[in-house]
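Visitor: My questions will all concern the structure given below.
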Amino acid sequence: MIGRLNTSTARIPLALPPPSPRKLSHTRTVVYSGYDREDGLWDIEAELTDVKTFGFQVPNERLFPGDEPIHGLKIRVTLDNKMVIQDIATSMDDIPHAECSGAPHNMHKLIGCTMGPGWRKVINQHVGGTDGCTHLREMLFNMATAAYQTLPSGQWLRRELANQPHPEMTQAPYFLGQCHSWAHDSPTVQRAYPMFFKPKTTESTDN
């Protein structure tokens with residue numbers, strides 16, 4: 001039934017089908033925020049919490065009470081206008097194991113790296129596997145998209161407020177060709193970036 005609802009062309013766009021009877025077990029909340037700093041830099045912050053509705057226990061560990069955070073993690077990354085990391089700070093307010101407190105010890109290695117294409121590879125090179133924390137990596141992965149939501153529009157606003165001209169775009173944004181709406185032949189690209197629009201070519205049927 002669910003598969004049929006999700007694949008039907010007649011279904012309401014973007015609507016989930018009604019759920020089966022159920023009860024809440026776990027809530028993970030992840031929030032990303034971007035800040036325009038007075039010194040010209042940018043802060044991107046991520047916060048992750050995990051909360052269960054019941055108490056449970058890992059063998060030979062303490063009891064984790066229900067409705068209290070198992071994970072309460074925060075990351076702040078400071079970027080320049082080219083998305084190069086200037087500083088990084090990590091907070092481990094709630095952790096399930098005492099050893100988790102050592103997980104951020106390699107995060108400083110990301111200073112000087114650029115958030116952009118290849119970002120996941122950069123993360124895994126510096127804080128991958130046992131050199132880091134699974135959840136911190138998950139947060140870092142999407143901090144790049146939060147940064148892109150923050151910087152270009154924030155830079156546009158800075159120029160508008162200062163009555164400065166906007167630079168001419170000579171290179172295609174890296175996100176073109178990376179999703180449905182930003183396909184090179186899409187109406188979105190034709191409207192927003194006509195200089196990079198590439199009409200879909202049709203193969204000739206002539207013999």
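Residues in the structure tokens are numbered from 1 in each chain, the chains being A, B, ... in the order shown, and ligands are numbered from 1 in the order shown.
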Skipping near chain neighbours, those fewer than 6 positions away, what residues fall within 8 Å of Leu110 in chain A using only C-alpha atoms, listed as a list in words?
Guide: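 Skipping anything fewer than 6 positions along the chain leaves Ile85, Ile88, Val122, Ile123 and His126 of chain A.
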Visitor: Those same residues, written as a short mmCIF file (atom, residue, chain, number, x, y, z; two decimals), in the first residue's frame with N, CA and C atoms?
Guide:
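Saved file part_30.cif follows:
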data_model
loop_
_atom_site.label_atom_id
_atom_site.label_comp_id
_atom_site.auth_asym_id
_atom_site.auth_seq_id
_atom_site.Cartn_x
_atom_site.Cartn_y
_atom_site.Cartn_z
N ILE A 85 37.99 27.00 6.21
CA ILE A 85 37.79 26.92 7.66
C ILE A 85 38.90 27.67 8.39
N ILE A 88 37.48 25.88 14.40
CA ILE A 88 36.45 24.88 14.65
C ILE A 88 36.43 24.56 16.14
N VAL A 122 37.36 14.95 2.47
CA VAL A 122 38.21 15.69 3.40
C VAL A 122 37.91 15.29 4.83
N ILE A 123 36.63 15.19 5.17
CA ILE A 123 36.24 14.79 6.53
C ILE A 123 36.80 13.42 6.86
N HIS A 126 40.57 13.24 7.63
CA HIS A 126 41.08 13.84 8.87
C HIS A 126 40.42 13.28 10.13
#
Visitor: When DSSP is applied to the backbone of this structure, which of range 96-181 of chain A are assigned alpha helix (DSSP H)? Write them out as number ranges by chain.
Guide: A: 119-127, 134-161
Visitor: Which residues are close to Thr145 in chain A, i.e. within 12 Å by only C-alpha atoms, leaving aside same-chain residues fewer than 5 positions away? Reply as a PyMOL selection string.
Guide: chain A and resi 32-34+44-46+83+115-117+119-120+139-140+150-152+174-175
Visitor: Just the selected residues (C-alpha atoms), exported as a PDB file, in the first residue's frame, please.
Guide:
ATOM      1  CA  TYR A  32      22.008  23.984  11.467  1.00  0.00           C
ATOM      2  CA  SER A  33      22.399  27.754  11.833  1.00  0.00           C
ATOM      3  CA  GLY A  34      24.473  30.285   9.916  1.00  0.00           C
ATOM      4  CA  ILE A  44      28.099  27.715  10.839  1.00  0.00           C
ATOM      5  CA  GLU A  45      26.779  25.821  13.850  1.00  0.00           C
ATOM      6  CA  ALA A  46      25.298  22.338  14.090  1.00  0.00           C
ATOM      7  CA  MET A  83      34.486  28.795   2.649  1.00  0.00           C
ATOM      8  CA  MET A 115      33.899  23.311   2.404  1.00  0.00           C
ATOM      9  CA  GLY A 116      32.931  22.476  -1.157  1.00  0.00           C
ATOM     10  CA  PRO A 117      33.264  19.645  -3.681  1.00  0.00           C
ATOM     11  CA  TRP A 119      34.067  17.780   1.451  1.00  0.00           C
ATOM     12  CA  ARG A 120      33.088  14.262   2.558  1.00  0.00           C
ATOM     13  CA  MET A 139      26.975  16.804  11.369  1.00  0.00           C
ATOM     14  CA  LEU A 140      30.028  17.960   9.425  1.00  0.00           C
ATOM     15  CA  THR A 150      24.338  31.126   4.461  1.00  0.00           C
ATOM     16  CA  LEU A 151      27.261  32.642   2.555  1.00  0.00           C
ATOM     17  CA  PRO A 152      26.117  33.429  -1.020  1.00  0.00           C
ATOM     18  CA  TYR A 174      29.120  23.879  -8.545  1.00  0.00           C
ATOM     19  CA  PHE A 175      25.612  22.675  -7.679  1.00  0.00           C
TER      20      PHE A 175
END
Visitor: For Pro199 in chain A, work out the shell of residues within 9 Å, counting only C-alpha atoms and skipping chain neighbours fewer than 4 positions away, then give it as a list in words.
Guide: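 Close residues of Pro199 in chain A: His184, Asp185, Ser186 and Gln190 of chain A.
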Visitor: Using DSSP secondary structure from the backbone, list all strand (DSSP E or B) positions within range 47-142 of chain A, as number ranges by chain.
Guide: A: 47-52, 56-57, 63-64, 69-79, 84-94, 114
Visitor: What lies within 12 Å of Gly40 in chain A using only C-alpha atoms, ignoring chain neighbours under 5 positions off, as number ranges by chain?
Guide: A: 35, 78-82, 86, 151, 154-155, 158
Visitor: Just checking: using only C-alpha atoms, which residue out of A:Leu48, A:Ile70, A:Ala162, A:Leu41 ends up closest to Glu138 in chain A?
Guide: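 Among A:Leu48, A:Ile70, A:Ala162, A:Leu41, it is A:Leu48 that comes nearest to Glu138 in chain A.
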Visitor: So that I can check the surroundings of Pro65 in chain A, please list as a PDB file with C-alpha atoms, in the first residue's frame every protein, DNA and RNA residue that reaches within 9 Å of it, counting only C-alpha atoms and ignoring chain neighbours fewer than 6 positions away.
Guide:
ATOM      1  CA  LYS A  52      14.372   7.998  23.563  1.00  0.00           C
ATOM      2  CA  THR A  53      10.936   7.727  25.148  1.00  0.00           C
ATOM      3  CA  PHE A  54      12.030   4.856  27.415  1.00  0.00           C
ATOM      4  CA  GLY A  55      15.008   3.902  29.530  1.00  0.00           C
ATOM      5  CA  PHE A  56      17.431   1.307  28.192  1.00  0.00           C
ATOM      6  CA  GLN A  57      20.846  -0.102  28.957  1.00  0.00           C
TER       7      GLN A  57
END
Visitor: Which is closest to Asp94 in chain A among A:Leu24, A:Ala144, A:Leu176, A:Leu73, if we use only C-alpha atoms?
Guide: A:Leu73
Visitor: Rounded to one decimal, what separation in Å do you get between CA of Pro104 in chain A and CA of Ala146 in chain A?
Guide: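 Computing it gives 20.7 Å between the two atoms.
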Visitor: If we count only C-alpha atoms and set the cut-off at 10 Å, which residues sit around Met195 in chain A, ignoring sequence neighbours fewer than 6 positions away in its own chain? Please answer as a PyMOL selection string.
Guide: chain A and resi 169-172+189
Visitor: Rounded to one decimal in Å, what is the spacing between CA of Ser101 in chain A and CA of His71 in chain A?
Guide: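 Separation between CA of Ser101 in chain A and CA of His71 in chain A: 11.6 Å.
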